[in-house]
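Contents: one structure, followed by commentary.
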Amino acid sequence: MPLIAILAGDGIGPEVTTQARRVLDALDLGLTFEDGLVGGAAYRAAGHPLPPATMDLAYRADAILFGAVGDPAFDTLERALRPEQAILGLRKNLGLFANLRPAKMFAGLEDASALRPEVAGAIDMVIIRELTGDVYFGDKGRGTTPEGLREGHDLMRYDEAEVARIARVGFTTAMGRRRRLMSVDKANVLETSQLWRDVMNEVARDFPDVTVQHMYVDNAAMQLVRNPGQFDVLVTGNLFGDILSDQASMCVGSIGMLPSAAINDAAKGLYEPIHGSAPDIAGQGKANPCAAILSAAMMLRHSLAMPAPADRIEAAVATVIAGGARTADLGGSVSTTAMGDLVLAAL
Ligand code: IPM
Ligand code: MG
């Protein structure tokens with residue numbers, strides 16, 4: 001029986017994860033579940049955002065269903081103890097180098113987009129973000145200049161193997177879609193990006209059926225709002241991918257709708273909504289559980305080889321949205337639990 005670690009975390013994390021769990025239970029897939037503490041919740045209970053018991057559970061589990069981390073109460077702690085370190089530690093320790101962030105317009109949500117409906121309606125893309133390298137994990141530090149000024153630095157760095165393995169995920173994903181890969185970098189300024197671009201072109205030789213193009217990240221940010229329908233698979237580094245995926249989420253209507261997968265070489269993965277802990281609405285039953293429910297679907301597809309129930313979950317969410325149900329983020333008043341009820345009914 002596959003073991004699923006449930007790491008619900010902070011803020012709205014527990015509320016939305018509960019709904020995802022209900023959906024998985026209803027499908028009766030023979031999964032076992034074990035809860036673990038993570039983020040600010042873990043710091044409160046155990047003095048560390050990623051306690052050893054949680055890391056142990058994450059190693060033992062076949063897949064991880066993750067809620068959200070982040071709690072303003074802990075923003076002044078030393079960096080190593082802040083809630084966000086939990087997700088960074090899980091990614092690094094488990095080698096979850098490939099982050100898949102699909103952004104697709106749901107029929108009926110065109111008006112919720114920050115873009116004109118006819119522009120937004122064409123969005124159907126996957127952002128593939130490298131997740132265990134780049135400036136996130138390079139050498140960082142604080143110091144003082146010879147003149148006595150405070151300074152800080154974070155090293156942006158990739159080696160060719162790191163670029164090649166995320167390139168392969170990008171090309172393979174493109175093979176299963178419209179066979180177009182857009183690699184996003186800043187090769188006009190950064191050596192890291194020039195290496196990235198060179199390696200992308202080398203890996204491209206193994207995928208002659210995929211058309212690869214390159215775009216600078218500033219242009220990509222502009223094109224994402226000008227004509228997002230042009231993108232099929234977009235592959236980029238950790239920092240650029242962090243920024244562009246938030247931007248893409250608003251293009252499709254709400255960050256509350258977007259799931260993500262972070263997977264390693266062995267297809268083990270951590271599945272989480274791309275939204276954060278939203279402390280301002282936590283505990284009020286206002287959060288949209290769709291991103292969490294869709295993350296559970298991605299888990300079934302990518303880590304548990306259960307594509308059929310994954311399709312069913314995605315179809316149920318699409319039905320509920322097409323039927324007009326809207327949580328607060330989408331301008332409605334349907335509660336978190338009621339949205340879960342509707343998805344269950346549509347199953
Ligand atoms: C994300 C988040 C994280 C990141 C934070 C919480 C560390 O913004 O998953 O996109 O920057 O990767
Ligand atoms: Mg982010």
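Within each chain, counting starts at residue 1; across the structure tokens, chains are named A, B, ... in the order shown, with ligands numbered 1 upward in that order.
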
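Around ligand 2, the neighbouring residues within 8 Å, taking only C-alpha atoms and all ligand atoms, come to A:Asp242, A:Ile243, A:Ser245, A:Asp246, A:Ile274, A:His275.
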
Which residues form the shell of 7 Å around ligand 1 when you count only C-alpha atoms and all ligand atoms, given as an MDAnalysis selection string? chainID A and resid 69:70 84:85 87:88 242 274 276

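The space between CA of Ala174 in chain A and CA of Asp209 in chain A spans 9.4 Å.
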
Can I get the residues of range 233-299 of chain A within 8 Å of range 98-111 of chain A, each with the closest pair of atoms and their distance in Å to one decimal, using only C-alpha atoms, sorted chain first then ascending number, as JSON lines?
```
{"residue": "A:Ser245", "atom": "CA", "partner": "A:Arg101", "partner_atom": "CA", "distance": 7.0}
{"residue": "A:Ala248", "atom": "CA", "partner": "A:Ala103", "partner_atom": "CA", "distance": 6.6}
{"residue": "A:Ser249", "atom": "CA", "partner": "A:Ala103", "partner_atom": "CA", "distance": 6.5}
{"residue": "A:Val252", "atom": "CA", "partner": "A:Met105", "partner_atom": "CA", "distance": 5.2}
{"residue": "A:Gly253", "atom": "CA", "partner": "A:Leu109", "partner_atom": "CA", "distance": 6.3}
{"residue": "A:Leu258", "atom": "CA", "partner": "A:Ala103", "partner_atom": "CA", "distance": 6.7}
{"residue": "A:Pro259", "atom": "CA", "partner": "A:Arg101", "partner_atom": "CA", "distance": 6.6}
{"residue": "A:Ser260", "atom": "CA", "partner": "A:Arg101", "partner_atom": "CA", "distance": 4.8}
{"residue": "A:Ala261", "atom": "CA", "partner": "A:Leu100", "partner_atom": "CA", "distance": 5.1}
{"residue": "A:Ala262", "atom": "CA", "partner": "A:Asn99", "partner_atom": "CA", "distance": 4.3}
{"residue": "A:Ile263", "atom": "CA", "partner": "A:Ala98", "partner_atom": "CA", "distance": 5.3}
{"residue": "A:Asn264", "atom": "CA", "partner": "A:Ala98", "partner_atom": "CA", "distance": 6.5}
{"residue": "A:Ile274", "atom": "CA", "partner": "A:Arg101", "partner_atom": "CA", "distance": 7.9}
```

So that I have them on file, write out the residues from the current selection with all heavy atoms, as a CSV table (one decimal), in the first residue's frame.
```
chain,number,residue,atom,x,y,z
A,245,SER,N,6.2,31.7,-12.6
A,245,SER,CA,5.0,30.8,-12.4
A,245,SER,C,3.9,31.5,-11.5
A,245,SER,O,2.7,31.3,-11.7
A,245,SER,CB,5.4,29.5,-11.7
A,245,SER,OG,6.1,29.7,-10.5
A,248,ALA,N,2.2,33.5,-14.2
A,248,ALA,CA,1.3,32.7,-15.0
A,248,ALA,C,0.0,32.4,-14.3
A,248,ALA,O,-1.1,32.3,-14.9
A,248,ALA,CB,2.0,31.4,-15.4
A,249,SER,N,0.1,32.2,-13.0
A,249,SER,CA,-1.1,31.9,-12.2
A,249,SER,C,-2.2,32.9,-12.3
A,249,SER,O,-3.3,32.7,-12.4
A,249,SER,CB,-0.7,31.6,-10.7
A,249,SER,OG,-0.5,32.8,-10.1
A,252,VAL,N,-4.2,32.9,-15.5
A,252,VAL,CA,-5.3,31.9,-15.7
A,252,VAL,C,-6.4,32.2,-14.7
A,252,VAL,O,-7.4,31.4,-14.6
A,252,VAL,CB,-4.9,30.5,-15.5
A,252,VAL,CG1,-4.0,30.1,-16.7
A,252,VAL,CG2,-4.3,30.2,-14.2
A,253,GLY,N,-6.3,33.2,-13.9
A,253,GLY,CA,-7.5,33.5,-13.0
A,253,GLY,C,-7.2,33.6,-11.6
A,253,GLY,O,-7.3,34.7,-11.0
A,258,LEU,N,-4.0,26.6,-9.0
A,258,LEU,CA,-2.8,25.9,-9.7
A,258,LEU,C,-2.1,24.9,-8.8
A,258,LEU,O,-1.5,25.3,-7.7
A,258,LEU,CB,-1.8,27.0,-10.2
A,258,LEU,CG,-2.3,27.9,-11.3
A,258,LEU,CD1,-1.2,28.5,-12.0
A,258,LEU,CD2,-3.2,27.1,-12.3
A,259,PRO,N,-2.0,23.7,-9.2
A,259,PRO,CA,-1.2,22.7,-8.5
A,259,PRO,C,0.2,22.7,-9.0
A,259,PRO,O,0.6,23.3,-9.9
A,259,PRO,CB,-1.9,21.4,-8.9
A,259,PRO,CG,-2.2,21.7,-10.4
A,259,PRO,CD,-2.6,23.1,-10.4
A,260,SER,N,1.1,21.9,-8.2
A,260,SER,CA,2.4,21.7,-8.7
A,260,SER,C,3.0,20.4,-8.3
A,260,SER,O,2.5,19.8,-7.3
A,260,SER,CB,3.4,22.9,-8.3
A,260,SER,OG,3.7,22.7,-6.9
A,261,ALA,N,4.0,19.9,-9.0
A,261,ALA,CA,4.7,18.7,-8.6
A,261,ALA,C,6.2,19.0,-8.5
A,261,ALA,O,6.7,19.8,-9.4
A,261,ALA,CB,4.4,17.6,-9.7
A,262,ALA,N,6.8,18.4,-7.6
A,262,ALA,CA,8.3,18.5,-7.5
A,262,ALA,C,8.8,17.1,-7.4
A,262,ALA,O,8.5,16.4,-6.5
A,262,ALA,CB,8.7,19.3,-6.3
A,263,ILE,N,9.5,16.7,-8.5
A,263,ILE,CA,9.8,15.3,-8.5
A,263,ILE,C,11.3,15.0,-8.7
A,263,ILE,O,12.1,15.9,-9.2
A,263,ILE,CB,9.1,14.5,-9.7
A,263,ILE,CG1,9.0,15.3,-10.9
A,263,ILE,CG2,7.7,14.2,-9.2
A,263,ILE,CD1,8.0,14.8,-11.9
A,264,ASN,N,11.8,13.8,-8.3
A,264,ASN,CA,13.2,13.5,-8.4
A,264,ASN,C,13.4,12.4,-9.5
A,264,ASN,O,12.4,12.0,-10.2
A,264,ASN,CB,13.8,13.1,-7.0
A,264,ASN,CG,13.2,11.8,-6.5
A,264,ASN,OD1,12.6,11.0,-7.2
A,264,ASN,ND2,13.5,11.5,-5.2
A,274,ILE,N,0.5,26.0,-5.7
A,274,ILE,CA,1.5,27.0,-5.8
A,274,ILE,C,1.3,28.2,-4.9
A,274,ILE,O,2.2,29.0,-4.7
A,274,ILE,CB,1.9,27.3,-7.2
A,274,ILE,CG1,1.1,28.5,-7.8
A,274,ILE,CG2,1.8,26.2,-8.2
A,274,ILE,CD1,1.8,29.2,-8.9
```

At a cut-off of 7 Å, using only C-alpha atoms, what residues contact Gly39 in chain A? Leave out same-chain residues fewer than 3 positions from it and give the result as a ChimeraX atom specification. /A:9-10,42-43,49-50,69-70,83-84,86

Have a look at CA of Asp154 in chain A and CA of Ile127 in chain A and let me know their distance in Å, one decimal.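 These atoms are spaced 24.0 Å apart.
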
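One finds CA of Phe231 in chain A at 20.9 Å from CA of Asp198 in chain A.
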
At a cut-off of 10 Å, using only C-alpha atoms, what residues contact range 302-319 of chain A? Leave out same-chain residues fewer than 3 positions from it and give the result as a ChimeraX atom specification. /A:2,20,23-24,27-29,31,62-64,106-108,257,261-264,266-271,290-291,293-299,322-325,339-340,342-347

Thr192 in chain A surroundings by only C-alpha atoms, 9 Å radius, close-in-sequence under 4 positions cut, as a list in words: Asp134, Met156, Arg157, Tyr158, Asp159, Asp185, Lys186, Ala187, Trp196 and Arg197 of chain A

Mind listing the strand (DSSP E or B) residues of range 87-328 of chain A, per DSSP on the backbone, as a PyMOL selection string? chain A and resi 98-104+124-130+140-144+150-154+180-185+211-216+233-236+259-263+269-273

Those in range 11-230 of chain A with alpha helix (DSSP H) from DSSP, as an MDAnalysis selection string: chainID A and resid 13:27 40:46 52:60 84:94 117:120 160:175 191:204 217:226
